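S.K.: Pasting a structure here, questions to come.
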Amino acid sequence: MIAAVTGFIVWKSHATIDLAKEEPPFNSMALPLKRVNGDIMLDSGPTVCVKITDSKGDSYKFVFPNDPELGRDGYHGAFEPYAPGAVAFKDSSRARTIVLQWLGEVRGQDEGIDRAFKHLSQQNQSSMIRVPREVISGIFK
């Protein structure tokens with residue numbers, strides 16, 4: 001039973017994403033990916049920047065800031081949320097999950113990729129748990 005569950009988890013982690021059902025630019029990307037690059041910018045964030053080249057040779061830029069002023073929404077088309085061409089994702093959480101999976105598949109190949117994976121993972125985890133300060137303060141009274 002344990003082997004079956006472990007096998008399913010491994011299969012699930014490498015399952016192909018159906019990009020046709022995703023929002024732009026994911027739905028125009030051609031798999032398999034040729035290259036995945038990533039790193040962080042140490043601004044008020046850190047901000048995770050990822051560049052992906054698909055099998056057609058088209059490049060896509062993604063940025064996931066962790067900034068109190070900009071928020072935590074993801075953007076594509078630029079490495080800075082306020083740069084010309086930057087477009088906010090409709091579903092930043094889903095975009096973060098897709099990019100995180102691709103970074104995870106190339107982890108260990110480059111320190112920048114490892115940093116991007118680590119910080120994007122932390123953003124993904126902390127975005128799932130949002131508890132107001134008042135609630136936490138009330139628990140410890």
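Ordering of the structure tokens sets the chain letters (A, B, ...), residue numbers begin anew at 1 in every chain, and ligands are numbered from 1 in the order given.
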Might you pull out every residue within 12 Å of stretch 54-62 of chain A, with only C-alpha atoms counted and same-chain residues fewer than 3 positions away left off, and present them as a PyMOL selection string?

M.R.: chain A and resi 24-40+47-51+65+73-81+83+85-89+92+95-96+98-100+102-103+116+120

S.K.: May I have all residues of stretch 3-112 of chain A that DSSP, computed from the backbone, assigns to strand (DSSP E), given as a list of chain:residue names?

M.R.: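 Strand (DSSP E) assignments inside stretch 3-112 of chain A correspond to A:Arg35, A:Val36, A:Asn37, A:Gly38, A:Asp39, A:Ile40, A:Met41, A:Thr47, A:Val48, A:Cys49, A:Val50, A:Lys51, A:Ile52, A:Thr53, A:Ser59, A:Tyr60, A:Lys61, A:Phe62, A:Val63, A:Phe64, A:Tyr75, A:His76, A:Val87, A:Ala88.
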
S.K.: Just C-alpha atoms for this one: save the residues we selected as an mmCIF file, in the first residue's frame.

M.R.:
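Final output, saved to again.cif:
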data_model
loop_
_atom_site.group_PDB
_atom_site.id
_atom_site.type_symbol
_atom_site.label_atom_id
_atom_site.label_comp_id
_atom_site.auth_asym_id
_atom_site.auth_seq_id
_atom_site.Cartn_x
_atom_site.Cartn_y
_atom_site.Cartn_z
ATOM 1 C CA ARG A 35 15.268 25.886 -20.837
ATOM 2 C CA VAL A 36 14.196 27.091 -17.408
ATOM 3 C CA ASN A 37 16.237 29.824 -15.711
ATOM 4 C CA GLY A 38 15.493 31.569 -12.453
ATOM 5 C CA ASP A 39 16.899 33.706 -9.680
ATOM 6 C CA ILE A 40 15.863 36.299 -7.151
ATOM 7 C CA MET A 41 16.252 40.063 -6.928
ATOM 8 C CA THR A 47 11.343 38.983 -6.013
ATOM 9 C CA VAL A 48 11.506 35.732 -7.983
ATOM 10 C CA CYS A 49 12.313 36.082 -11.705
ATOM 11 C CA VAL A 50 12.019 33.156 -14.120
ATOM 12 C CA LYS A 51 12.734 32.926 -17.846
ATOM 13 C CA ILE A 52 11.411 29.951 -19.774
ATOM 14 C CA THR A 53 12.178 28.978 -23.365
ATOM 15 C CA SER A 59 11.001 33.021 -24.399
ATOM 16 C CA TYR A 60 8.671 33.964 -21.559
ATOM 17 C CA LYS A 61 9.454 36.109 -18.531
ATOM 18 C CA PHE A 62 7.744 35.717 -15.168
ATOM 19 C CA VAL A 63 8.094 37.744 -11.993
ATOM 20 C CA PHE A 64 6.651 37.002 -8.567
ATOM 21 C CA TYR A 75 3.230 38.956 -13.717
ATOM 22 C CA HIS A 76 4.409 37.806 -17.116
ATOM 23 C CA VAL A 87 0.767 41.759 -17.357
ATOM 24 C CA ALA A 88 -0.740 40.549 -14.077
#

S.K.: Kindly give the distance, in Å, that separates atom CA of A:Arg72 and atom CA of A:Ile113, rounded to a single decimal.

M.R.: 19.5 Å

S.K.: Suppose you want the space between atom CA of A:Asn66 and atom CA of A:Pro46; what is it in Å?

M.R.: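 Atom CA of A:Pro46 lies at a distance of 5.8 Å from atom CA of A:Asn66.
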
S.K.: So how many Å separate atom CA of A:Asp43 and atom CA of A:Gly112, to one decimal?

M.R.: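 Atom CA of A:Gly112 lies at a distance of 15.6 Å from atom CA of A:Asp43.
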